[in-house]
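Next comes work.txt, with compact mmCIF, C-alpha atoms.
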```txt
# COMPACT_ATOMS: atom_id res chain seq x y z
CA MET A 1 28.53 62.67 17.67
CA VAL A 2 28.04 60.79 20.93
CA ALA A 3 24.42 60.19 20.01
CA LEU A 4 25.47 58.76 16.64
CA VAL A 5 27.90 56.35 18.31
CA ILE A 6 25.21 55.24 20.75
CA ILE A 7 22.76 54.66 17.89
CA LEU A 8 25.36 52.66 15.97
CA ALA A 9 26.10 50.59 19.04
CA VAL A 10 22.43 49.83 19.51
CA VAL A 11 22.04 48.89 15.84
CA VAL A 12 25.09 46.61 15.98
CA THR A 13 23.75 44.99 19.13
CA LEU A 14 20.36 44.39 17.52
CA LEU A 15 22.01 42.91 14.44
CA ALA A 16 24.09 40.63 16.64
CA VAL A 17 20.94 39.42 18.38
CA LEU A 18 19.27 38.87 15.00
CA VAL A 19 22.20 36.84 13.67
CA ALA A 20 22.29 34.77 16.84
CA GLY A 21 18.58 34.09 16.46
CA LEU A 22 19.01 33.01 12.85
CA LEU A 23 21.83 30.66 13.80
CA ARG A 24 19.69 29.18 16.56
CA SER A 25 16.80 28.71 14.13
CA HIS A 26 19.15 27.02 11.65
CA ALA A 27 20.33 24.64 14.37
CA ASP A 28 16.73 23.82 15.30
CA ILE A 29 15.94 23.01 11.67
CA LEU A 30 18.96 20.72 11.41
CA LYS A 31 17.94 18.98 14.61
CA ALA A 32 14.39 18.52 13.31
CA LEU A 33 15.75 17.01 10.10
CA HIS A 34 17.73 14.56 12.18
CA ASP A 35 14.60 13.65 14.11
CA VAL A 36 12.82 12.68 10.87
CA GLY A 37 15.80 10.73 9.66
CA ALA A 38 16.85 13.18 6.99
CA GLY A 39 19.65 14.91 8.78
CA VAL A 40 23.35 15.12 8.06
CA GLY A 41 25.84 13.91 10.64
CA ASP A 42 24.99 13.06 14.21
CA PRO A 43 24.33 16.04 16.45
CA ALA A 44 24.76 13.84 19.51
CA LEU A 45 28.33 13.09 18.47
CA ASP A 46 29.30 16.33 16.83
CA GLY A 47 26.78 19.10 16.94
CA VAL A 48 29.10 21.55 15.22
CA ARG A 49 29.83 19.34 12.23
CA ALA A 50 26.16 18.95 11.37
CA GLY A 51 25.23 21.22 8.53
CA HIS A 52 28.81 22.33 7.88
CA ASP A 53 30.65 19.27 6.66
CA HIS A 54 28.36 17.41 4.31
CA THR A 55 31.08 15.35 2.70
CA GLY A 56 33.48 14.70 5.53
CA PRO A 57 34.14 11.36 7.12
CA GLY A 58 31.40 10.18 9.39
CA SER A 59 28.73 12.26 7.76
CA THR A 60 25.64 10.52 6.48
CA SER A 61 22.90 11.42 4.09
CA GLY A 62 19.29 10.37 3.95
CA PRO A 63 16.28 10.89 1.74
CA LEU A 64 13.91 13.69 2.63
CA THR A 65 10.32 12.56 2.30
CA ILE A 66 7.47 15.01 2.38
CA GLY A 67 4.02 13.50 2.78
CA PRO A 68 3.01 9.83 2.46
CA PRO A 69 5.23 7.65 0.27
CA LEU A 70 4.11 7.07 -3.28
CA PRO A 71 2.88 3.56 -4.12
CA ALA A 72 6.16 2.61 -5.77
CA GLU A 73 8.06 3.60 -2.64
CA ARG A 74 6.09 1.47 -0.23
CA ASP A 75 7.31 -1.76 1.24
CA SER A 76 4.35 -2.64 3.36
CA VAL A 77 1.28 -4.70 2.53
CA SER A 78 -0.11 -4.87 6.04
CA ALA A 79 -3.77 -4.05 6.51
CA PRO A 80 -4.62 -2.92 10.04
CA THR A 81 -8.13 -2.70 11.42
CA LEU A 82 -10.08 0.39 10.38
CA ALA A 83 -11.31 2.14 13.49
CA GLY A 84 -13.00 5.47 13.98
CA VAL A 85 -16.36 7.14 14.23
CA THR A 86 -19.23 7.20 11.81
CA PRO A 87 -20.82 10.40 10.47
CA GLU A 88 -23.75 9.64 12.78
CA GLY A 89 -21.48 9.81 15.83
CA ASP A 90 -21.30 6.08 16.49
CA ALA A 91 -18.08 4.10 16.79
CA ARG A 92 -17.09 1.53 14.20
CA ALA A 93 -14.16 -0.81 13.77
CA ILE A 94 -13.81 -3.11 10.78
CA ALA A 95 -11.25 -5.88 10.85
CA VAL A 96 -10.27 -6.53 7.26
CA GLY A 97 -8.43 -9.76 8.04
CA ASN A 98 -11.10 -11.79 9.81
CA GLY A 99 -12.85 -13.61 7.01
CA ASP A 100 -12.71 -15.10 3.57
CA GLN A 101 -13.96 -11.93 1.91
CA LEU A 102 -12.13 -9.16 0.12
CA THR A 103 -12.50 -5.65 1.54
CA LEU A 104 -12.49 -2.72 -0.84
CA ILE A 105 -11.47 0.38 1.09
CA ALA A 106 -12.30 3.66 -0.61
CA PHE A 107 -10.46 6.63 0.85
CA LEU A 108 -12.65 9.60 -0.06
CA SER A 109 -13.05 13.24 0.92
CA SER A 110 -16.21 15.27 1.05
CA GLY A 111 -14.71 18.12 -0.91
CA CYS A 112 -12.76 16.57 -3.75
CA SER A 113 -14.59 16.81 -7.06
CA THR A 114 -13.33 13.46 -8.33
CA CYS A 115 -14.72 11.80 -5.21
CA ALA A 116 -18.27 12.92 -6.06
CA ASN A 117 -18.66 10.09 -8.60
CA PHE A 118 -17.70 7.55 -5.97
CA TRP A 119 -19.99 8.99 -3.29
CA ASP A 120 -22.82 8.68 -5.82
CA ALA A 121 -21.80 5.09 -6.54
CA PHE A 122 -21.71 4.15 -2.87
CA ALA A 123 -25.15 5.68 -2.41
CA ARG A 124 -26.43 2.84 -4.64
CA PRO A 125 -24.37 -0.16 -3.51
CA GLU A 126 -26.68 -2.58 -5.32
CA GLN A 127 -25.39 -1.09 -8.59
CA LEU A 128 -21.69 -1.26 -7.75
CA ASP A 129 -21.25 -4.40 -9.85
CA LEU A 130 -18.62 -5.75 -7.51
CA PRO A 131 -17.92 -9.48 -7.48
CA ASP A 132 -19.52 -11.53 -4.72
CA GLY A 133 -17.61 -11.60 -1.48
CA VAL A 134 -16.30 -8.06 -1.72
CA ARG A 135 -17.10 -5.76 1.19
CA PRO A 136 -16.93 -2.03 0.34
CA VAL A 137 -15.97 0.43 3.08
CA VAL A 138 -15.52 4.20 2.77
CA VAL A 139 -12.89 5.86 4.94
CA THR A 140 -12.69 9.62 5.26
CA LYS A 141 -10.40 11.66 7.42
CA GLY A 142 -11.45 12.11 11.02
CA PRO A 143 -13.93 14.60 12.45
CA GLU A 144 -11.11 17.05 13.07
CA LEU A 145 -10.64 17.39 9.29
CA GLU A 146 -14.05 16.47 7.87
CA ILE A 147 -17.51 17.76 8.73
CA ALA A 148 -19.58 14.77 9.77
CA GLY A 149 -22.81 16.44 8.73
CA GLU A 150 -21.64 16.68 5.13
CA LEU A 151 -20.97 12.94 5.03
CA ARG A 152 -24.18 11.80 6.69
CA GLY A 153 -26.37 9.85 4.32
CA ARG A 154 -23.99 10.10 1.36
CA ALA A 155 -23.22 6.39 1.25
CA ARG A 156 -25.13 3.23 2.03
CA VAL A 157 -22.01 1.27 2.81
CA PRO A 158 -20.07 1.53 6.09
CA VAL A 159 -18.37 4.93 6.42
CA ILE A 160 -15.57 5.35 8.96
CA MET A 161 -13.98 8.69 9.78
CA SER A 162 -10.37 8.06 10.75
CA THR A 163 -7.32 10.12 9.95
CA GLU A 164 -5.21 7.38 11.53
CA ALA A 165 -6.36 4.91 8.87
CA TRP A 166 -5.09 7.24 6.14
CA GLY A 167 -1.68 7.10 7.77
CA ASP A 168 -1.82 3.35 8.34
CA TYR A 169 -2.56 2.72 4.68
CA GLU A 170 -0.15 5.42 3.44
CA VAL A 171 -2.84 7.13 1.41
CA PRO A 172 -1.29 9.74 -0.90
CA GLY A 173 -4.57 11.55 -1.63
CA SER A 174 -8.21 11.03 -2.47
CA PRO A 175 -9.75 9.17 -4.12
CA PHE A 176 -7.64 6.13 -3.37
CA PHE A 177 -8.63 2.49 -3.24
CA VAL A 178 -7.13 -0.45 -1.41
CA LEU A 179 -8.17 -4.07 -1.80
CA VAL A 180 -7.45 -6.36 1.15
CA ASP A 181 -7.59 -10.12 1.18
CA GLY A 182 -9.36 -11.20 4.35
CA ARG A 183 -7.69 -14.57 4.54
CA SER A 184 -4.14 -13.28 4.51
CA GLY A 185 -5.00 -9.89 6.06
CA ARG A 186 -2.82 -8.18 3.47
CA ARG A 187 -3.26 -5.62 0.74
CA ILE A 188 -3.40 -7.24 -2.66
CA GLY A 189 -4.13 -4.12 -4.70
CA GLU A 190 -4.29 -0.37 -4.48
CA GLY A 191 -4.51 2.63 -6.73
CA VAL A 192 -6.58 5.46 -8.11
CA ALA A 193 -9.45 5.64 -10.59
CA ASN A 194 -11.80 8.14 -12.13
CA GLN A 195 -14.92 6.02 -12.24
CA PHE A 196 -16.21 3.19 -10.14
CA SER A 197 -16.38 0.87 -13.14
CA GLN A 198 -12.60 1.07 -13.28
CA VAL A 199 -12.40 0.11 -9.61
CA ALA A 200 -14.74 -2.83 -10.12
CA ASP A 201 -12.62 -3.94 -13.04
CA LEU A 202 -9.47 -3.74 -10.94
CA VAL A 203 -11.15 -5.80 -8.22
CA ARG A 204 -12.13 -8.45 -10.73
CA ARG A 205 -8.57 -8.55 -12.09
CA ALA A 206 -7.17 -8.81 -8.57
CA ARG A 207 -9.41 -11.79 -7.90
CA VAL A 208 -8.23 -13.46 -11.08
CA ASP A 209 -4.60 -12.73 -10.20
CA ALA A 210 -5.17 -14.08 -6.72
CA ALA A 211 -6.71 -17.24 -8.15
CA GLY A 212 -3.73 -17.62 -10.50
CA SER A 213 -1.30 -17.14 -7.66
CA ARG A 214 -3.20 -19.75 -5.70
CA SER A 215 -3.10 -22.31 -8.47
CA ASP A 216 0.61 -21.61 -9.10
CA THR A 217 1.36 -22.61 -5.56
CA GLY A 218 -0.86 -25.67 -5.77
CA GLY A 219 -3.41 -24.30 -3.33
CA PRO A 220 -7.10 -24.91 -3.74
CA GLY A 221 -9.79 -22.33 -4.36
CA PRO A 222 -9.75 -18.79 -5.66
CA ASP A 223 -8.21 -17.14 -2.60
CA PRO A 224 -4.55 -16.14 -2.55
CA ASP A 225 -2.07 -18.10 -0.51
CA PRO A 226 -1.24 -16.06 2.60
CA ASP A 227 2.36 -17.20 2.40
CA SER A 228 2.69 -15.72 -1.07
CA ALA A 229 2.11 -12.18 0.22
CA LEU A 230 5.67 -10.92 0.10
CA ASP A 231 7.04 -7.74 1.52
CA GLY A 232 9.84 -5.29 0.80
CA PRO A 233 12.71 -6.37 -1.47
CA ALA A 234 11.31 -9.89 -1.79
CA ARG A 235 8.11 -8.45 -3.22
CA GLU A 236 10.09 -6.32 -5.65
CA LEU A 237 12.14 -9.30 -6.83
CA ALA A 238 8.99 -11.36 -7.30
CA ASN A 239 7.44 -8.56 -9.35
CA ASP A 240 10.56 -8.34 -11.49
CA ARG A 241 10.46 -12.07 -12.11
CA VAL A 242 6.82 -12.01 -13.16
CA LEU A 243 7.45 -9.10 -15.52
CA ARG A 244 10.51 -10.81 -16.99
CA ASP A 245 8.56 -14.03 -17.53
CA ALA A 246 5.92 -12.01 -19.34
CA GLY A 247 8.54 -10.57 -21.66
CA ILE A 248 8.52 -7.13 -20.07
CA LEU A 249 12.14 -6.14 -19.61
CA PRO A 250 13.68 -2.96 -18.17
CA GLY A 251 12.91 -0.03 -20.44
CA ASP A 252 9.73 -1.56 -21.85
CA ALA A 253 7.35 1.20 -22.99
CA SER A 254 4.46 -0.30 -21.01
CA LEU A 255 6.31 0.52 -17.80
CA TYR A 256 6.10 4.23 -18.53
CA PRO A 257 2.46 5.14 -19.20
CA ARG A 258 1.94 8.72 -20.27
CA SER A 259 -1.83 8.85 -19.85
CA LEU A 260 -4.68 6.97 -18.25
CA ASP A 261 -5.47 5.57 -21.69
CA ASP A 262 -2.13 3.77 -21.58
CA VAL A 263 -3.17 2.14 -18.32
CA PHE A 264 -6.87 1.48 -18.72
CA GLY A 265 -7.26 1.42 -22.49
CA PRO A 266 -8.54 3.98 -24.99
CA GLY A 267 -11.32 6.19 -23.67
CA ALA A 268 -11.03 5.09 -20.05
CA GLY A 269 -9.04 8.14 -19.08
CA ARG A 270 -11.89 10.50 -19.84
CA ALA A 271 -14.11 10.87 -16.77
CA MET B 1 -4.94 -3.21 18.98
CA SER B 2 -7.66 -0.87 17.73
CA SER B 3 -9.81 1.16 20.05
CA VAL B 4 -13.20 2.75 19.55
CA HIS B 5 -15.26 4.92 21.86
CA ALA B 6 -18.78 6.30 21.67
CA HIS B 7 -21.80 6.92 23.87
CA GLY B 8 -19.86 6.39 27.08
CA LEU B 9 -18.57 2.97 26.02
CA GLY B 10 -15.11 2.07 24.83
CA VAL B 11 -13.25 -1.03 23.79
CA SER B 12 -9.75 -2.04 22.85
CA LEU B 13 -10.41 -4.76 20.36
CA PRO B 14 -8.33 -7.95 20.49
CA PRO B 15 -6.92 -9.21 17.18
CA GLU B 16 -9.50 -10.24 14.56
CA PHE B 17 -12.35 -8.56 16.43
CA GLU B 18 -14.38 -5.81 14.89
CA GLY B 19 -17.22 -3.90 16.42
CA ARG B 20 -19.55 -0.98 16.57
CA ILE B 21 -21.07 1.11 19.32
CA PHE B 22 -24.27 2.80 18.31
CA ILE B 23 -27.69 4.06 19.31
CA ARG B 24 -30.66 3.10 17.21
CA SER B 25 -32.93 5.77 15.82
CA ARG B 26 -35.87 6.73 17.95
CA VAL B 27 -39.15 5.07 17.03
CA ALA B 28 -42.32 6.73 18.30
CA GLY B 29 -41.87 7.45 22.00
CA GLU B 30 -39.10 4.93 22.48
CA ARG B 31 -35.87 6.08 24.06
CA PRO B 32 -33.00 4.02 22.68
CA PHE B 33 -29.81 3.36 24.61
CA PRO B 34 -26.33 2.38 23.44
CA VAL B 35 -25.65 -1.04 21.99
CA ALA B 36 -22.22 -2.49 21.23
CA HIS B 37 -21.65 -5.42 18.89
CA PHE B 38 -18.38 -7.28 18.67
CA ALA B 39 -17.52 -10.13 16.31
CA THR B 40 -14.63 -12.06 14.87
CA PHE B 41 -16.32 -12.11 11.49
CA PRO B 42 -17.59 -9.34 9.20
CA LEU B 43 -20.63 -7.78 10.86
CA PRO B 44 -23.38 -7.20 8.32
CA ASP B 45 -25.58 -4.13 8.40
CA GLY B 46 -28.91 -4.35 10.16
CA VAL B 47 -27.91 -6.81 12.85
CA GLY B 48 -30.52 -7.20 15.57
CA ASP B 49 -29.71 -6.04 19.07
CA PHE B 50 -28.88 -9.57 20.18
CA GLY B 51 -27.30 -10.84 17.00
CA GLY B 52 -30.21 -11.61 14.72
CA GLY B 53 -28.79 -11.66 11.21
CA ALA B 54 -25.24 -12.23 12.46
CA VAL B 55 -25.13 -15.41 14.54
CA ASN B 56 -26.31 -17.42 11.55
CA LEU B 57 -23.13 -16.31 9.71
CA MET B 58 -20.76 -17.58 12.37
CA ARG B 59 -18.12 -20.18 11.68
CA PRO B 60 -17.22 -22.65 14.42
CA THR B 61 -14.21 -20.53 15.30
CA ASP B 62 -16.18 -17.29 15.62
CA ILE B 63 -17.39 -15.21 18.54
CA PHE B 64 -20.23 -12.73 18.68
CA ALA B 65 -20.87 -10.51 21.70
CA VAL B 66 -23.28 -7.77 22.70
CA LEU B 67 -23.17 -5.11 25.38
CA PHE B 68 -26.68 -3.72 25.66
CA GLU B 69 -27.71 -0.85 27.91
CA TYR B 70 -31.15 -0.64 29.48
CA GLY B 71 -33.01 2.43 30.66
CA PRO B 72 -32.56 3.94 34.11
CA GLU B 73 -35.86 2.44 35.22
CA SER B 74 -33.98 -0.86 35.46
CA LEU B 75 -31.58 0.46 38.05
CA GLY B 76 -32.01 -1.05 41.47
CA THR B 77 -34.03 -4.01 40.23
CA ALA B 78 -33.04 -7.53 41.23
CA LEU B 79 -32.02 -8.47 37.69
CA PHE B 80 -29.30 -5.81 37.63
CA ALA B 81 -28.17 -6.30 41.24
CA ARG B 82 -24.71 -7.48 40.19
CA SER B 83 -22.24 -4.62 40.52
CA GLY B 84 -19.72 -4.37 37.72
CA MET B 85 -19.35 -6.23 34.47
CA VAL B 86 -18.08 -9.78 34.51
CA ARG B 87 -14.43 -9.66 33.42
CA SER B 88 -13.51 -13.32 33.28
CA LEU B 89 -15.63 -16.22 32.12
CA SER B 90 -15.02 -19.94 32.30
CA THR B 91 -15.98 -22.61 29.82
CA ASP B 92 -18.70 -23.72 32.22
CA ASP B 93 -20.40 -20.34 31.84
CA PHE B 94 -21.35 -21.16 28.24
CA ARG B 95 -24.28 -23.44 27.53
CA PRO B 96 -26.09 -24.43 24.34
CA THR B 97 -29.37 -23.62 26.05
CA VAL B 98 -28.41 -19.98 26.69
CA LEU B 99 -29.01 -18.73 23.19
CA ARG B 100 -31.41 -16.12 21.95
CA ARG B 101 -31.57 -18.11 18.75
CA GLY B 102 -30.76 -21.76 19.15
CA LEU B 103 -28.42 -22.70 16.36
CA GLY B 104 -26.91 -26.16 16.40
CA GLY B 105 -23.42 -26.39 17.85
CA GLN B 106 -23.37 -22.88 19.30
CA SER B 107 -23.47 -21.90 22.95
CA GLY B 108 -23.92 -18.69 24.84
CA THR B 109 -23.77 -16.84 28.10
CA GLN B 110 -25.61 -13.79 29.42
CA TRP B 111 -24.95 -11.56 32.39
CA PHE B 112 -26.96 -8.66 33.78
CA PHE B 113 -25.20 -6.03 35.84
CA THR B 114 -24.89 -2.36 36.73
CA GLU B 115 -21.70 -0.45 36.06
CA GLY B 116 -21.08 3.27 36.30
CA GLY B 117 -24.70 3.76 37.30
CA ARG B 118 -25.86 2.18 34.05
CA PRO B 119 -27.75 -1.12 33.71
CA PHE B 120 -26.41 -3.54 31.09
CA THR B 121 -26.51 -7.04 29.81
CA PHE B 122 -23.53 -8.78 28.24
CA TYR B 123 -24.39 -11.61 25.89
CA ALA B 124 -21.82 -13.71 24.04
CA VAL B 125 -22.16 -16.54 21.54
CA LEU B 126 -19.53 -19.11 20.63
CA GLY B 127 -19.58 -20.54 17.12
CA SER B 128 -18.87 -23.99 18.50
CA HIS B 129 -19.53 -25.19 22.02
CA ALA B 130 -17.02 -27.98 21.39
CA ARG B 131 -14.28 -25.38 20.89
CA ARG B 132 -15.13 -23.36 23.99
CA SER B 133 -11.74 -24.01 25.57
CA THR B 134 -10.06 -21.99 22.82
CA LEU B 135 -12.84 -19.44 22.30
CA VAL B 136 -13.56 -18.41 25.90
CA PRO B 137 -10.08 -16.89 26.46
CA ARG B 138 -10.73 -14.67 23.45
CA VAL B 139 -14.04 -13.57 24.98
CA ASN B 140 -12.15 -12.75 28.16
CA ALA B 141 -9.65 -10.69 26.17
CA LEU B 142 -12.57 -8.73 24.75
CA LEU B 143 -14.11 -8.22 28.20
CA ASP B 144 -10.78 -7.01 29.49
CA GLY B 145 -10.77 -4.18 26.94
CA ILE B 146 -14.28 -2.85 27.54
CA THR B 147 -14.69 0.39 29.46
CA VAL B 148 -17.90 1.99 30.69
CA ALA B 149 -18.10 5.67 31.55
CA ALA B 150 -20.30 6.62 34.44
CA GLY B 151 -23.80 7.72 33.62
CA ALA B 152 -23.31 8.82 29.98
CA GLY B 153 -26.57 7.26 28.83
CA ALA B 154 -28.45 7.64 25.59
CA GLY B 155 -27.14 10.08 23.04
CA GLY B 156 -24.28 11.00 25.31
CA GLY B 157 -26.60 13.10 27.44
CA SER B 158 -27.34 12.74 31.12
CA ILE B 159 -29.85 10.22 32.33
CA PRO B 160 -32.93 11.82 33.89
CA TRP B 161 -32.98 10.25 37.32
CA ASN B 162 -36.31 9.65 38.96
```

What is this file in structure tokens?
Amino acid sequence: MVALVIILAVVVTLLAVLVAGLLRSHADILKALHDVGAGVGDPALDGVRAGHDHTGPGSTSGPLTIGPPLPAERDSVSAPTLAGVTPEGDARAIAVGNGDQLTLIAFLSSGCSTCANFWDAFARPEQLDLPDGVRPVVVTKGPELEIAGELRGRARVPVIMSTEAWGDYEVPGSPFFVLVDGRSGRRIGEGVANQFSQVADLVRRARVDAAGSRSDTGGPGPDPDPDSALDGPARELANDRVLRDAGILPGDASLYPRSLDDVFGPGAGRA
Amino acid sequence: MSSVHAHGLGVSLPPEFEGRIFIRSRVAGERPFPVAHFATFPLPDGVGDFGGGAVNLMRPTDIFAVLFEYGPESLGTALFARSGMVRSLSTDDFRPTVLRRGLGGQSGTQWFFTEGGRPFTFYAVLGSHARRSTLVPRVNALLDGITVAAGAGAGGGSIPWN
């Protein structure tokens, strides 16, 4: 009987320790959520209330974001310098805002099957069919996530290995393309594609759009006006105005493509 | 400010500068050493060690600079007697006659020195000598961000001392 009581006491003690550990873990998770801006309440003001009173006065709520923001969620058009190492072990930094050219940044991986088409395309840059004045650059993740030997010799355009650049440009996955205007030092286009011909077409359209924007503001030449590169809510309002002027109102079917064909035209969605 | 490092050289690039630090492939019995190119304009591929193929693309507001390492046989020679890289230049240090390739309107400066037990030359070109008062401070900002590790040498390996 005494032995049974002792065993029960030990079990209860162990369970108490386990529950205390779980509570501590729960508190750590709540604190981590606060650190990423997705917490509830302010643990510095009321550590007990956090996680227990989600609707009470003083409590706050925030969006929980996992991974890089999707294109529609971004509010930044900045284009920082691409800096990293090359597959050959050299160092390379490319400033995308130091000239009159456009820079086409292709974020690729060595392993993704869709990227293979683009690696093949960049192995023959003379056949890329890009407009004049466009500088292609391939950016992979850094040597800690990519094997340099697998990238060596796969492209005859500059290749930079930099995980930091993927964060700077909020790349959601590969392949992903960003077009930067060198004069304004800002992103003027970004997105995904299945084939390089689609990318080249997007670059040509971006140049035309940039030229139109330039002429709208009375500026000379085909390059976009740096002052017209808006950011955040101002950019969203400007986009809404352009869509409205084009007769595309909220709810328009063209705003909700269901396939790549809807975006690029019939047949373009088949790689 | 972006930073790059390779082959025992590093640089924190001032705004609008880009660059590369590389070692050319070996040709025959040659032993190549690190070269660093810096420019305020898009550097094309295949630029010569001292800017051939690049300086002709410069606008009047541009800067091109080279940090070129020589072999250990140069150590101790009179040309590399200066200890440490020059870190601050004046407008008087740039002259139209100090150019590897004399292009109208440009000017240049070149310095030989030894740093970290490695012999180097630093060569810089201004797109316009007339604008040197605004361009030289940017060269100095570049110089301020360059770091040289001691005795890294070609391919990151140790230099075979004689």

- Item | Test item: which residues lie within 12 Å of (-34.6, 0.8, 37.9) counting only C-alpha atoms, as a PyMOL selection string | chain B and resi 70-81+113-114+117-120+159-162

Requested in this report: Using only C-alpha atoms, find the residues of chain A whose closest atom to chain B is at most 6 Å away, then write them as a PyMOL selection string.
Outcome: chain A and resi 90-95+98-99

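Put simply, atom CA of Val139 of chain B is 18.0 Å away from atom CA of Leu57 of chain B.
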
A straight line from atom CA of Cys115 of chain A to atom CA of Glu150 of chain A spans 13.4 Å

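For the atom pair formed by atom CA of Phe64 of chain B and atom CA of Asn140 of chain B, the distance is 12.5 Å, given to one decimal.
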
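Among the candidates A:Ala200, A:Ala79, A:Ile147, A:Leu179, the residue lying nearest to Pro125 of chain A is A:Ala200 (atoms considered: only C-alpha atoms).
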
Edge lengths and centre, in Å to one decimal, as JSON: that's what I need for the box along x, y and z that holds all listed atoms of segment 95-106 of chain A plus 4 Å on each side.
```
{"center_x": -11.2, "center_y": -5.7, "center_z": 5.0, "size_x": 13.5, "size_y": 26.8, "size_z": 19.7}
```

If you count all atoms listed in the file, the residue of A:Val159, A:Val77, A:Ala206, A:Leu15 closest to Ser110 of chain A turns out to be A:Val159
